[in-house]
Structures are given as structure tokens and as C-alpha cells.
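Below is coords15.txt, holding compact mmCIF, C-alpha atoms and all ligand atoms.
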```
# COMPACT_ATOMS: atom_id res chain seq x y z
CA MET A 657 -22.88 198.54 -22.95
CA THR A 658 -24.07 200.55 -25.92
CA PHE A 659 -22.24 203.33 -27.70
CA LEU A 660 -24.23 205.83 -25.71
CA ASP A 661 -22.32 206.29 -22.47
CA ASN A 662 -24.09 206.53 -19.18
CA HIS A 663 -23.29 210.19 -18.73
CA VAL A 664 -25.12 211.06 -21.92
CA ARG A 665 -27.99 208.76 -21.04
CA ARG A 666 -28.32 210.57 -17.72
CA ALA A 667 -28.13 213.94 -19.44
CA ALA A 668 -30.79 212.85 -21.89
CA GLY A 669 -33.01 211.83 -19.03
CA ASP A 670 -32.60 214.76 -16.68
CA SER A 671 -36.21 215.77 -16.24
CA SER A 672 -35.30 219.25 -14.93
CA ASP A 673 -33.70 220.01 -18.28
CA PRO A 674 -36.07 221.55 -20.84
CA ALA A 675 -34.06 219.90 -23.62
CA ALA A 676 -34.59 216.46 -22.08
CA HIS A 677 -37.15 214.50 -24.04
CA LEU A 678 -36.12 210.94 -24.48
CA ASN A 679 -34.62 209.12 -21.53
CA LEU A 680 -33.37 205.91 -23.07
CA GLU A 681 -32.70 204.35 -19.67
CA PHE A 682 -36.41 204.64 -19.03
CA TRP A 683 -37.00 201.55 -21.21
CA GLN A 684 -34.91 199.25 -19.04
CA ALA A 685 -37.16 196.35 -17.85
CA LYS A 686 -40.34 198.02 -19.15
CA ARG A 687 -42.93 195.51 -20.37
CA VAL A 688 -43.70 196.29 -24.00
CA PHE A 689 -46.15 194.61 -26.40
CA LEU A 690 -45.56 195.27 -30.07
CA THR A 691 -47.77 194.20 -32.98
CA GLY A 692 -46.17 193.85 -36.40
CA HIS A 693 -42.75 193.01 -34.95
CA THR A 694 -41.86 190.85 -37.99
CA GLY A 695 -42.28 193.80 -40.39
CA PHE A 696 -39.70 196.34 -41.47
CA LYS A 697 -40.36 199.02 -38.86
CA GLY A 698 -41.31 196.44 -36.24
CA SER A 699 -37.96 194.68 -36.62
CA TRP A 700 -36.00 197.91 -36.13
CA LEU A 701 -38.14 198.90 -33.14
CA SER A 702 -37.80 195.41 -31.63
CA LEU A 703 -34.02 195.52 -31.89
CA TRP A 704 -33.90 198.99 -30.39
CA LEU A 705 -36.16 198.09 -27.47
CA GLN A 706 -34.22 194.86 -26.86
CA ASP A 707 -31.02 196.87 -26.80
CA LEU A 708 -32.55 199.32 -24.33
CA GLY A 709 -33.39 196.42 -22.01
CA ALA A 710 -37.17 196.27 -22.44
CA GLN A 711 -39.05 193.02 -21.83
CA LEU A 712 -40.50 192.70 -25.27
CA VAL A 713 -43.38 190.61 -26.62
CA GLY A 714 -44.27 190.71 -30.31
CA TYR A 715 -47.54 189.59 -31.90
CA SER A 716 -47.70 189.28 -35.65
CA LEU A 717 -48.14 187.16 -38.73
CA PRO A 718 -44.87 185.89 -40.24
CA ALA A 719 -42.63 188.42 -41.95
CA PRO A 720 -44.35 189.78 -45.06
CA THR A 721 -41.32 189.61 -47.39
CA GLU A 722 -38.56 187.24 -48.36
CA PRO A 723 -35.85 188.09 -47.46
CA ASN A 724 -36.75 190.05 -44.33
CA LEU A 725 -34.94 191.96 -41.62
CA PHE A 726 -36.69 189.92 -38.92
CA ALA A 727 -34.76 186.81 -39.97
CA GLN A 728 -31.66 188.60 -41.26
CA ALA A 729 -31.05 190.34 -37.92
CA ASP A 730 -32.31 187.39 -35.85
CA VAL A 731 -34.78 189.71 -34.16
CA ALA A 732 -36.65 186.88 -32.41
CA ARG A 733 -33.55 186.10 -30.34
CA GLY A 734 -34.13 188.83 -27.76
CA MET A 735 -37.89 188.74 -27.30
CA THR A 736 -41.01 186.61 -26.96
CA SER A 737 -42.37 186.25 -30.48
CA ILE A 738 -46.01 185.22 -30.89
CA CYS A 739 -47.28 184.23 -34.33
CA GLY A 740 -50.85 185.52 -34.40
CA ASP A 741 -53.42 187.26 -36.54
CA ILE A 742 -54.64 190.68 -35.41
CA LEU A 743 -58.06 189.58 -36.66
CA ASP A 744 -58.09 186.74 -34.12
CA ALA A 745 -59.48 188.89 -31.30
CA ALA A 746 -59.41 186.12 -28.67
CA HIS A 747 -55.78 185.17 -29.33
CA LEU A 748 -54.72 188.83 -29.27
CA HIS A 749 -56.72 189.51 -26.10
CA ASN A 750 -55.22 186.50 -24.30
CA SER A 751 -51.70 187.38 -25.45
CA ILE A 752 -51.97 190.97 -24.18
CA HIS A 753 -53.57 189.93 -20.89
CA GLN A 754 -51.09 187.10 -20.30
CA HIS A 755 -48.09 189.43 -20.65
CA ALA A 756 -49.65 192.45 -18.88
CA PRO A 757 -47.65 195.09 -20.77
CA GLU A 758 -47.20 198.70 -19.67
CA PHE A 759 -46.81 199.82 -23.29
CA VAL A 760 -48.45 198.75 -26.54
CA PHE A 761 -47.12 199.77 -29.94
CA HIS A 762 -49.53 198.81 -32.72
CA LEU A 763 -47.72 198.54 -36.04
CA ALA A 764 -49.36 195.46 -37.62
CA ALA A 765 -51.03 196.42 -40.86
CA GLN A 766 -51.53 195.72 -44.51
CA SER A 767 -49.06 198.51 -45.25
CA LEU A 768 -49.09 198.90 -49.03
CA VAL A 769 -51.15 201.30 -51.14
CA ARG A 770 -50.90 199.25 -54.32
CA ARG A 771 -51.85 195.99 -52.61
CA SER A 772 -54.84 197.76 -51.09
CA TYR A 773 -56.30 198.15 -54.58
CA LEU A 774 -55.98 194.40 -55.10
CA ASP A 775 -57.28 193.42 -51.68
CA PRO A 776 -59.37 196.23 -50.16
CA VAL A 777 -61.35 193.94 -47.85
CA ASN A 778 -58.27 192.54 -46.15
CA THR A 779 -56.77 196.03 -45.99
CA PHE A 780 -59.79 197.50 -44.21
CA ALA A 781 -60.19 194.44 -41.98
CA THR A 782 -56.53 194.37 -40.89
CA ASN A 783 -56.06 198.10 -40.50
CA VAL A 784 -59.42 199.09 -39.04
CA LEU A 785 -60.80 196.04 -37.24
CA GLY A 786 -57.24 195.13 -36.20
CA THR A 787 -56.96 198.51 -34.46
CA VAL A 788 -60.35 197.93 -32.79
CA HIS A 789 -59.11 194.55 -31.51
CA VAL A 790 -55.95 196.08 -30.04
CA LEU A 791 -57.83 198.87 -28.25
CA GLU A 792 -60.55 196.46 -27.11
CA ALA A 793 -57.95 194.15 -25.53
CA VAL A 794 -56.17 197.11 -23.93
CA ARG A 795 -59.24 198.61 -22.34
CA THR A 796 -59.66 195.58 -20.08
CA CYS A 797 -55.95 195.28 -19.33
CA PRO A 798 -55.18 197.58 -16.37
CA SER A 799 -51.39 197.24 -16.64
CA VAL A 800 -51.33 199.26 -19.89
CA ARG A 801 -50.24 202.87 -19.38
CA ALA A 802 -49.59 204.02 -22.95
CA VAL A 803 -50.60 202.89 -26.45
CA VAL A 804 -49.15 204.18 -29.71
CA ILE A 805 -51.34 203.44 -32.73
CA VAL A 806 -49.25 203.75 -35.87
CA THR A 807 -51.22 205.10 -38.80
CA SER A 808 -49.69 207.15 -41.65
CA ASP A 809 -49.30 210.58 -43.20
CA LYS A 810 -51.63 209.21 -45.88
CA CYS A 811 -54.55 209.50 -43.46
CA TYR A 812 -55.13 213.12 -44.56
CA GLU A 813 -57.58 214.09 -47.28
CA ASN A 814 -54.99 214.82 -49.94
CA ASP A 815 -55.88 217.75 -52.16
CA GLU A 816 -52.30 218.01 -53.48
CA LYS A 817 -51.93 221.35 -51.71
CA LEU A 818 -48.50 222.88 -51.21
CA ASP A 819 -48.89 223.47 -47.48
CA PRO A 820 -47.86 220.58 -45.25
CA TYR A 821 -50.68 218.78 -43.41
CA LYS A 822 -51.19 219.52 -39.72
CA GLU A 823 -52.76 217.14 -37.20
CA SER A 824 -55.94 219.27 -37.25
CA ASP A 825 -56.42 218.84 -41.02
CA ARG A 826 -59.24 216.79 -42.43
CA LEU A 827 -58.86 213.01 -42.59
CA GLY A 828 -59.56 211.22 -45.86
CA GLY A 829 -57.94 208.84 -48.30
CA PHE A 830 -58.33 208.19 -52.02
CA ASP A 831 -57.23 204.55 -51.98
CA PRO A 832 -58.24 201.78 -49.56
CA TYR A 833 -54.93 201.89 -47.65
CA SER A 834 -55.06 205.64 -47.01
CA SER A 835 -58.75 205.48 -46.14
CA SER A 836 -58.15 202.55 -43.78
CA LYS A 837 -55.51 204.59 -41.94
CA ALA A 838 -57.93 207.53 -41.65
CA CYS A 839 -60.51 205.06 -40.27
CA ALA A 840 -57.93 203.76 -37.77
CA GLU A 841 -57.49 207.36 -36.61
CA LEU A 842 -61.25 207.70 -36.09
CA VAL A 843 -61.39 204.40 -34.21
CA THR A 844 -58.53 205.56 -31.98
CA ALA A 845 -60.23 208.90 -31.26
CA ALA A 846 -63.52 207.16 -30.39
CA TYR A 847 -61.84 204.65 -28.04
CA ARG A 848 -59.82 207.43 -26.42
CA SER A 849 -62.84 209.58 -25.63
CA SER A 850 -65.19 206.70 -24.77
CA PHE A 851 -63.00 204.43 -22.67
CA PHE A 852 -59.72 206.06 -21.64
CA SER A 853 -60.61 209.42 -20.16
CA GLY A 854 -62.97 210.80 -17.53
CA SER A 855 -64.02 209.38 -14.20
CA ASN A 856 -64.12 205.59 -13.79
CA ALA A 857 -62.15 205.16 -16.99
CA HIS A 858 -58.99 203.11 -17.41
CA ILE A 859 -56.62 206.07 -17.66
CA ALA A 860 -54.00 205.33 -20.28
CA GLY A 861 -52.34 207.40 -22.95
CA ILE A 862 -53.79 206.64 -26.39
CA GLY A 863 -51.75 208.44 -29.04
CA SER A 864 -51.55 207.99 -32.77
CA ALA A 865 -48.50 208.52 -34.94
CA ARG A 866 -48.66 209.71 -38.54
CA ALA A 867 -45.30 209.24 -40.18
CA GLY A 868 -44.21 209.52 -43.77
CA ASN A 869 -42.30 207.17 -46.05
CA VAL A 870 -39.33 205.64 -44.32
CA ILE A 871 -36.11 204.24 -45.68
CA GLY A 872 -33.50 202.07 -44.04
CA GLY A 873 -31.57 198.85 -44.31
CA GLY A 874 -33.48 195.60 -44.38
CA ASP A 875 -36.52 196.92 -46.22
CA TRP A 876 -37.49 194.33 -48.84
CA THR A 877 -41.06 195.57 -49.39
CA GLU A 878 -42.50 195.14 -52.88
CA ASP A 879 -42.96 198.27 -55.01
CA GLN A 880 -41.01 200.50 -52.62
CA LEU A 881 -38.35 202.75 -54.06
CA VAL A 882 -35.22 201.82 -52.11
CA PRO A 883 -35.92 198.05 -52.12
CA ASP A 884 -36.68 198.31 -55.86
CA ILE A 885 -33.33 200.05 -56.40
CA VAL A 886 -31.47 197.37 -54.42
CA ARG A 887 -33.26 194.56 -56.26
CA ALA A 888 -32.34 196.21 -59.59
CA ILE A 889 -28.70 196.49 -58.48
CA LEU A 890 -28.67 192.82 -57.46
CA ALA A 891 -30.25 191.79 -60.78
CA ARG A 892 -27.97 194.17 -62.75
CA LYS A 893 -31.04 195.78 -64.31
CA GLU A 894 -32.12 199.37 -64.71
CA VAL A 895 -34.48 200.78 -62.09
CA LEU A 896 -38.07 201.35 -63.22
CA ILE A 897 -39.72 204.38 -61.59
CA ARG A 898 -43.49 204.83 -61.55
CA ASN A 899 -43.82 208.49 -60.47
CA PRO A 900 -40.44 210.27 -60.83
CA HIS A 901 -41.92 213.70 -60.04
CA ALA A 902 -43.91 212.66 -56.95
CA ILE A 903 -42.71 214.49 -53.84
CA ARG A 904 -42.47 212.49 -50.64
CA PRO A 905 -41.18 213.34 -47.17
CA TRP A 906 -38.35 210.80 -46.83
CA GLN A 907 -36.80 209.93 -43.50
CA HIS A 908 -34.75 207.18 -41.93
CA VAL A 909 -36.81 204.54 -40.12
CA MET A 910 -35.17 205.48 -36.79
CA GLU A 911 -36.81 208.93 -36.88
CA PRO A 912 -40.46 207.89 -36.44
CA LEU A 913 -39.39 205.13 -34.04
CA TYR A 914 -37.75 207.78 -31.88
CA GLY A 915 -41.04 209.68 -32.18
CA TYR A 916 -43.05 206.63 -31.04
CA LEU A 917 -40.78 206.15 -28.01
CA SER A 918 -40.89 209.86 -27.13
CA LEU A 919 -44.68 209.89 -27.36
CA ALA A 920 -45.07 206.70 -25.31
CA GLN A 921 -42.80 208.04 -22.61
CA LYS A 922 -44.66 211.34 -22.41
CA MET A 923 -48.03 209.55 -22.23
CA TYR A 924 -46.74 207.28 -19.47
CA HIS A 925 -46.22 210.33 -17.25
CA GLU A 926 -49.09 212.54 -18.46
CA PRO A 927 -51.58 210.39 -20.37
CA GLU A 928 -54.36 212.91 -20.83
CA LYS A 929 -52.07 215.69 -22.00
CA TYR A 930 -50.34 213.72 -24.75
CA SER A 931 -53.18 211.44 -25.92
CA GLN A 932 -53.47 212.98 -29.36
CA PRO A 933 -52.42 212.42 -32.96
CA TRP A 934 -48.83 213.37 -33.85
CA ASN A 935 -47.04 213.91 -37.15
CA PHE A 936 -43.47 212.64 -37.48
CA GLY A 937 -41.72 213.62 -40.67
CA PRO A 938 -38.49 215.06 -42.02
CA ASP A 939 -37.62 218.73 -42.33
CA GLU A 940 -39.13 220.33 -45.39
CA SER A 941 -35.83 220.29 -47.31
CA ASP A 942 -35.92 216.48 -47.18
CA ALA A 943 -39.24 216.27 -49.03
CA VAL A 944 -37.83 215.59 -52.49
CA THR A 945 -38.97 213.95 -55.71
CA VAL A 946 -38.58 210.26 -56.37
CA SER A 947 -36.02 210.96 -59.12
CA ASP A 948 -33.99 213.22 -56.77
CA LEU A 949 -33.97 210.48 -54.18
CA LEU A 950 -32.81 207.96 -56.76
CA GLU A 951 -29.96 210.21 -57.84
CA ARG A 952 -28.89 210.84 -54.27
CA PHE A 953 -29.04 207.15 -53.39
CA SER A 954 -26.88 206.44 -56.40
CA GLN A 955 -24.32 209.00 -55.13
CA ALA A 956 -24.30 207.26 -51.75
CA TRP A 957 -24.00 203.84 -53.41
CA GLY A 958 -21.23 204.57 -55.88
CA PRO A 959 -21.57 204.22 -59.62
CA ASP A 960 -24.55 205.89 -61.30
CA LEU A 961 -27.68 203.81 -61.36
CA PRO A 962 -29.44 203.57 -64.72
CA TRP A 963 -33.19 204.23 -64.41
CA ARG A 964 -36.17 205.00 -66.61
CA LYS A 965 -39.83 205.83 -66.09
CA ASP A 966 -42.07 202.79 -65.98
CA SER A 967 -44.55 203.61 -68.77
CA GLY A 968 -47.15 201.01 -67.67
CA THR A 969 -50.50 202.12 -66.24
CA HIS A 970 -50.63 202.37 -62.48
CA PRO A 971 -53.34 203.00 -59.91
CA HIS A 972 -53.58 206.49 -58.44
CA GLU A 973 -50.92 207.43 -55.88
CA ALA A 974 -50.71 210.87 -54.31
CA GLY A 975 -48.28 213.15 -56.17
CA LEU A 976 -47.58 215.60 -53.35
CA LEU A 977 -47.59 214.90 -49.65
CA LYS A 978 -45.88 216.88 -46.90
CA ILE A 979 -46.58 216.96 -43.19
CA ASP A 980 -45.99 219.66 -40.60
CA CYS A 981 -44.23 218.34 -37.49
CA THR A 982 -44.16 221.56 -35.47
CA LYS A 983 -46.39 220.07 -32.79
CA ALA A 984 -44.10 217.08 -32.15
CA LYS A 985 -41.07 219.36 -32.10
CA GLU A 986 -42.55 221.90 -29.70
CA GLU A 987 -44.53 219.63 -27.38
CA LEU A 988 -42.61 216.34 -27.41
CA GLY A 989 -39.16 217.83 -28.01
CA TRP A 990 -38.81 215.42 -30.95
CA HIS A 991 -36.57 216.51 -33.84
CA PRO A 992 -35.26 214.59 -36.84
CA GLN A 993 -31.61 213.71 -36.25
CA TRP A 994 -30.39 212.53 -39.63
CA ASP A 995 -30.90 214.58 -42.78
CA LEU A 996 -31.68 212.81 -46.02
CA SER A 997 -28.02 212.50 -47.05
CA ARG A 998 -27.15 210.76 -43.79
CA ALA A 999 -30.25 208.55 -44.04
CA LEU A 1000 -29.32 207.50 -47.59
CA GLU A 1001 -25.68 206.91 -46.67
CA THR A 1002 -26.63 204.72 -43.71
CA THR A 1003 -29.14 202.81 -45.83
CA ALA A 1004 -26.65 202.23 -48.64
CA GLN A 1005 -24.08 201.02 -46.07
CA TRP A 1006 -26.58 198.48 -44.69
CA TYR A 1007 -27.22 196.95 -48.11
CA LYS A 1008 -23.50 196.89 -48.86
CA SER A 1009 -22.99 194.98 -45.60
CA PHE A 1010 -25.69 192.59 -46.73
CA LEU A 1011 -23.83 192.04 -50.03
CA SER A 1012 -20.59 191.47 -48.09
CA GLY A 1013 -22.23 188.78 -45.95
CA ASP A 1014 -21.75 190.72 -42.68
CA ASP A 1015 -23.59 189.96 -39.43
CA LEU A 1016 -26.75 191.99 -40.03
CA ARG A 1017 -27.85 191.98 -36.41
CA ALA A 1018 -24.57 193.65 -35.47
CA VAL A 1019 -24.78 196.03 -38.44
CA THR A 1020 -28.33 197.08 -37.55
CA LEU A 1021 -27.46 197.54 -33.86
CA ASN A 1022 -24.41 199.62 -34.84
CA GLN A 1023 -26.65 201.89 -36.89
CA ILE A 1024 -29.06 202.18 -33.95
CA HIS A 1025 -26.11 203.17 -31.74
CA SER A 1026 -25.00 205.80 -34.30
CA TYR A 1027 -28.48 207.23 -34.21
CA GLU A 1028 -28.40 207.31 -30.40
CA LYS A 1029 -25.10 209.17 -30.62
CA ALA A 1030 -26.61 211.79 -32.91
CA LEU A 1031 -29.51 212.10 -30.48
CA SER A 1032 -27.27 212.56 -27.45
CA THR A 1033 -25.07 215.08 -29.27
CA ALA A 1034 -28.14 217.09 -30.20
CA ILE A 1035 -29.42 216.98 -26.62
CA LEU A 1036 -26.08 218.03 -25.14
CA SER A 1037 -25.65 220.88 -27.62
CA ALA A 1038 -29.13 222.16 -26.75
CA ARG A 1039 -28.17 222.46 -23.05
N1 LIG B 1 -42.90 201.75 -44.12
C1 LIG B 1 -43.37 202.98 -44.31
O1 LIG B 1 -42.82 203.77 -45.11
C2 LIG B 1 -44.58 203.45 -43.54
C3 LIG B 1 -45.00 204.79 -43.69
C4 LIG B 1 -46.12 205.23 -42.94
C5 LIG B 1 -46.76 204.35 -42.09
N2 LIG B 1 -46.34 203.04 -42.00
C6 LIG B 1 -47.07 202.16 -41.07
O2 LIG B 1 -46.13 201.64 -40.13
C7 LIG B 1 -46.52 200.31 -39.75
C8 LIG B 1 -45.38 199.35 -40.00
O3 LIG B 1 -45.01 199.45 -41.37
P1 LIG B 1 -43.94 198.49 -42.03
O4 LIG B 1 -43.32 199.22 -43.15
O5 LIG B 1 -43.10 197.88 -40.99
O6 LIG B 1 -44.91 197.37 -42.64
P2 LIG B 1 -44.60 195.87 -43.01
O7 LIG B 1 -45.54 195.52 -44.11
O8 LIG B 1 -43.15 195.65 -43.22
O9 LIG B 1 -45.02 195.07 -41.70
C9 LIG B 1 -46.36 194.86 -41.36
C10 LIG B 1 -46.41 193.96 -40.15
O10 LIG B 1 -47.79 193.68 -39.87
C11 LIG B 1 -47.96 192.28 -39.78
N3 LIG B 1 -49.32 191.94 -40.17
C12 LIG B 1 -49.95 192.18 -41.35
N4 LIG B 1 -51.21 191.69 -41.30
C13 LIG B 1 -51.37 191.15 -40.07
C14 LIG B 1 -52.44 190.51 -39.40
N5 LIG B 1 -53.62 190.29 -40.00
N6 LIG B 1 -52.25 190.07 -38.14
C15 LIG B 1 -51.04 190.27 -37.51
N7 LIG B 1 -50.00 190.85 -38.09
C16 LIG B 1 -50.17 191.30 -39.34
C17 LIG B 1 -46.90 191.70 -40.71
O11 LIG B 1 -46.67 190.34 -40.43
C18 LIG B 1 -45.74 192.60 -40.36
O12 LIG B 1 -45.16 192.19 -39.14
C19 LIG B 1 -47.78 199.99 -40.55
O13 LIG B 1 -48.90 200.30 -39.75
C20 LIG B 1 -47.70 200.94 -41.73
O14 LIG B 1 -48.94 201.20 -42.28
C21 LIG B 1 -45.27 202.57 -42.70
```
Translate this file's structure into C-alpha cells.
Amino acid sequence: MTFLDNHVRRAAGDSSDPAAHLNLEFWQAKRVFLTGHTGFKGSWLSLWLQDLGAQLVGYSLPAPTEPNLFAQADVARGMTSICGDILDAAHLHNSIHQHAPEFVFHLAAQSLVRRSYLDPVNTFATNVLGTVHVLEAVRTCPSVRAVVIVTSDKCYENDEKLDPYKESDRLGGFDPYSSSKACAELVTAAYRSSFFSGSNAHIAGIGSARAGNVIGGGDWTEDQLVPDIVRAILARKEVLIRNPHAIRPWQHVMEPLYGYLSLAQKMYHEPEKYSQPWNFGPDESDAVTVSDLLERFSQAWGPDLPWRKDSGTHPHEAGLLKIDCTKAKEELGWHPQWDLSRALETTAQWYKSFLSGDDLRAVTLNQIHSYEKALSTAILSAR
């Protein structure tokens, strides 16, 4: 029994209610295939889907960091975990066909901008050809009803404009990572129109999700702000910041995951209507500079964190990036639940639990349940 009581679950799933958007009970016993389940977002999504009662299969290379949430929260315990390369098309195809999923969430990726400068070939191969392999396997797998391809808000041609990017804006990408995510969007659009719509096609929802930077407990990614802060705290060093004035749309990892589930559920019922790209980002007030975020994290953590600008030379990273999520709000009924302060508080609490040696599976599940509570409260107050 989760924190979310059955009454609220029923309320959240009442399809006659215009405020109803995410019926969490829906996921009970659904067959779900998830790539990238050993990664940061994949681990959170795996735990959430396990908790909701889905029959979950993950396909991924081993966790990309040490330590990692996948091991810390014992994520493999509640799912079938396949160690496989997305570039091994035959292995991926056989794994998808063997498990006959109804849903596919594609998260596996080389996910780092800075690493993409060092290894562009692997970045393009993993992120573009990997997406081709997923869609190719799905198109001959009739059980699949909905696919969510996870790309990024970095898929837009970034001209550092003040207006947030809409789904209809031009795709682009300065660096190999951003470009590879724009390419993954193009691949998704081509597969959608060529193989998943029209007569004689395998009708399935093929949506893509463009989310911004996420934060949350259990992120140990290299060169990411919150993990860098935590590593500096652990090493009792000052935090080095590359771009203190860069503005990013920060959000807790649960927010886009809730977006992915909402989108998948909508596509399950009305695949052609919802098979589109979708932005998932925070409200505009939560797009703040890196130095603001650092200061606010330090308030949530406790004593002030010493930091200074890293004066070394660094490859280009976008200075300004905001996305417009009106479409997801109006058409999917998706809304961010936790503002930045709550996201930072929850994240700081997770790392404090880590330092205290707590059971991190229980801690992560408790945070998932708190998020579900916020979701149900919002749904009930909208009635
Ligand atoms: N974390 C963010 O802030 C953020 C923001 C926008 C978009 N995204 C996107 O969300 C998705 C998940 O991000 P994340 O932060 O969890 O990334 P992550 O780096 O923590 O995890 C990546 C996952 O992909 C797997 N993987 C990498 N190469 C693979 C390959 N060749 N074959 C099979 N598996 C492979 C890894 O093992 C891991 O499970 C990615 O597509 C990423 O680009 C992340």
C-alpha cells in the first residue's frame, strides 16, 4: 500500500473528470520495457513503475557512474534487468519481442554534453542509431501500444533568445550531444509518419519528450551541478562552477517522469492524437542561474557552501535555455508539482540520508510517495 490512498487514486483516474490526467492504477500489471534503466532517470522511473505494479523489463549497459542509484536503491530487485547495448540491434530486437511489452520508454543515451565533445562518434551512434534500433524493433512487435522517446530541451537550435522554445521551433544543436538529440527527434518523426500511422500500419503512439535539466537524489553524473556540489561537500572542498550566469530550467526528476507516464497513458488510448513531441519543464520562475541554484541548495543543505568560478577553458555550453510547456499543460493536463525550493529540499534530504547510511531504496520510494501526494492534492483541488 503506497501513501496514495485508493480514494485519491480513483479520483485521479476518473475519466469523466476534466482534471483527471494520470491514473496511477492504470500501470498495475502493464508490461513495460525501459531502456537506460541503470541510469539516473531510469532508476527513478524503474522504482516508480515497480511501485505502481508494472511488469518491468530494463535493457541497458551497466550503470554509468560509481556510485549509482541503480545499486544504491537496489533497483534490479523488482524487475527483469537485461544487460545489453542499444547498438546491438539483434539483442535489443529479441529482448523486446521476447517480453512483448505494451509500453516502451527509451531513455538509454550518451547523456552528457561535455563527453560528446570527447566522443562524438559514440554519442551520435548511441543517441541516433540507438533510437533507430528501438523504433525498428517496435515496428515489428504488435504488442506495443505506446513509445516515449526521451530526447532533451537541447534539441532546439539555440539562438540564446529570451523567449522559451516551443515544440514547433527549429531543431538544431551546437555540440554533438544536442545535435544527436535533434537527430533522434527527426528519426522519431520519420518512423512515426512512415510506419505507425495510416492504413495497414502498426498503430501505436510514438511520442517524444523534451525535458530540461533535472535534479534529484542519487545523481552521481560527472560535471553536473548538484553531484559536483555533493562531491565537494564530501571532499570538504569548495565548489568550482563553470558558468555561474548560465540560466537553466531546473526541475526535480519526478516531474518529467510524470510527464512521460502521462504521455504514454494518453497515447495508449488515443495514439494518433498524442503522437507528437512534448516539452516538460519547470515554471518560468524556476529557470534560474547556476549561482542562484548553488545558493539555494546551500540554504536547503545548511551551512553556506564556498564556491568560486572555475577559470579553466571549457567547451561551448548554451548560456540561456528555457522551454514553453503550455502544450503539455493544456493537452496532457501535466503540471509541475514541486517548485524549485521543494525540489532542492527533497534532493538535499536524499543526500543527507545517504550520508547517514539510511536505506536508500526506502528513502527514494518515500520521496516518490511524497510526489504522488502532491499530485493527488493538486488533482483534488482542481475538482
Ligand atoms: N539528466 C538530465 O538532466 C537530462 C536532461 C534532458 C534529457 N535527458 C535525457 O534523459 C535520458 C536519461 O538521462 P539520465 O540522466 O538518466 O542519463 P544517464 O547517463 O544517467 O543514463 C544513461 C543510461 O543509458 C545507458 N546507456 C548508455 N549507452 C548505452 C548503450 N550503448 N546501450 C545501452 N544502454 C546505454 C546507461 O547505461 C544508462 O542506463 C537520456 O536520454 C538523456 O539524454 C537527461
**OP:** Using all atoms listed in the file, determine which residues fall within 7 Å of ligand LIG 1 (chain B), then list them as a count of residues only.
**Re:** 36
Subject >> Residue contacts of His749 (chain A) (9 Å, only C-alpha atoms) excluding same-chain residues fewer than 2 positions away, as a PyMOL selection string >> reply: chain A and resi 744-747+751-754+789-790+792-794+797
Next, write the just-selected residues to a file, as a PDB file, in the coordinates of the input, keeping C-alpha atoms as the atom set.
```pdb
ATOM      1  CA  ASP A 744     -58.090 186.740 -34.120  1.00  0.00           C
ATOM      2  CA  ALA A 745     -59.480 188.890 -31.300  1.00  0.00           C
ATOM      3  CA  ALA A 746     -59.410 186.120 -28.670  1.00  0.00           C
ATOM      4  CA  HIS A 747     -55.780 185.170 -29.330  1.00  0.00           C
ATOM      5  CA  SER A 751     -51.700 187.380 -25.450  1.00  0.00           C
ATOM      6  CA  ILE A 752     -51.970 190.970 -24.180  1.00  0.00           C
ATOM      7  CA  HIS A 753     -53.570 189.930 -20.890  1.00  0.00           C
ATOM      8  CA  GLN A 754     -51.090 187.100 -20.300  1.00  0.00           C
ATOM      9  CA  HIS A 789     -59.110 194.550 -31.510  1.00  0.00           C
ATOM     10  CA  VAL A 790     -55.950 196.080 -30.040  1.00  0.00           C
ATOM     11  CA  GLU A 792     -60.550 196.460 -27.110  1.00  0.00           C
ATOM     12  CA  ALA A 793     -57.950 194.150 -25.530  1.00  0.00           C
ATOM     13  CA  VAL A 794     -56.170 197.110 -23.930  1.00  0.00           C
ATOM     14  CA  CYS A 797     -55.950 195.280 -19.330  1.00  0.00           C
TER      15      CYS A 797
END
```
**OP:** Show which residues sit within 7 Å of region 953-959 of chain A, as an MDAnalysis selection string. Count all atoms listed in the file, and ignore same-chain residues fewer than 2 positions away.
**Re:** chainID A and resid 949:951 961 1000:1001 1004
Original post:
Out of A:Phe780, A:Tyr914, A:Phe759, A:Trp876, which residue has the shortest atom-to-atom distance to Gly861 (chain A) when counting all atoms listed in the file?
Top reply: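 Smallest distance to Gly861 (chain A) is found for A:Phe759.
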**OP:** Select, from A:Gly1013, A:Gly872, A:Pro933, A:Pro938, the residue with the minimum atom-to-atom distance to Val909 (chain A), counting all atoms listed in the file.
**Re:**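 Closest to Val909 (chain A), using all atoms listed in the file: A:Gly872.
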Original post:
Using all atoms listed in the file, which of A:His908, A:Arg848, A:Lys1029, A:Arg1017 sits nearest Gly734 (chain A)?
Top reply: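 Smallest distance to Gly734 (chain A) is found for A:Arg1017.
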Original post:
Which one of A:Val882, A:Leu890, A:Ala865, A:Leu996 sits closest to Tyr916 (chain A) if you count all atoms listed in the file?
Top reply: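 Result for the nearest residue to Tyr916 (chain A): A:Ala865.
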**OP:** Work out how far apart CA of Ala902 (chain A) and CA of Arg998 (chain A) are and give it in Å to one decimal.
**Re:**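 Distance reported for this atom pair: 21.4 Å.
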Subject >> CA of Ile1024 (chain A) to CA of Leu703 (chain A), straight-line distance in Å >> reply: 8.6 Å
Subject >> Gap from CA of Glu681 (chain A) to CA of Gln993 (chain A) - Å, one decimal >> reply: 19.1 Å
Original post:
Hey, can you pull every residue with an atom no more than 9 Å from (-64.5, 208.4, -42.7), using all atoms listed in the file, and send it as a VMD selection string?
Top reply: chain A and resid 827 to 829 835 to 836 838 to 839 842
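For region 940-945 of chain A, the residues within 8 Å (counting all atoms listed in the file, excluding itself and residues fewer than 4 positions away along the chain) are Pro900, His901, Ala902, Ile903, Arg904, Pro905, Trp906, Gln907, Leu949, Lys978, Asp995 and Leu996 of chain A.
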Original post:
With only C-alpha atoms as the atoms that count, which of A:Arg887, A:Lys810, A:Arg733, A:Lys686 lies nearest to His755 (chain A)?
Top reply: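 Result for the nearest residue to His755 (chain A): A:Lys686.
Closest to Ser853 (chain A) among A:Arg826, A:Pro962, A:Pro927, A:His991 is A:Pro927, based on only C-alpha atoms.
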**OP:** Identify the residues within 8 Å of coordinate (-44.5, 195.5, -25.2) (same frame as the file), considering all atoms listed in the file, and give the answer as a PyMOL selection string.
**Re:** chain A and resi 686-690+710-714+757-761
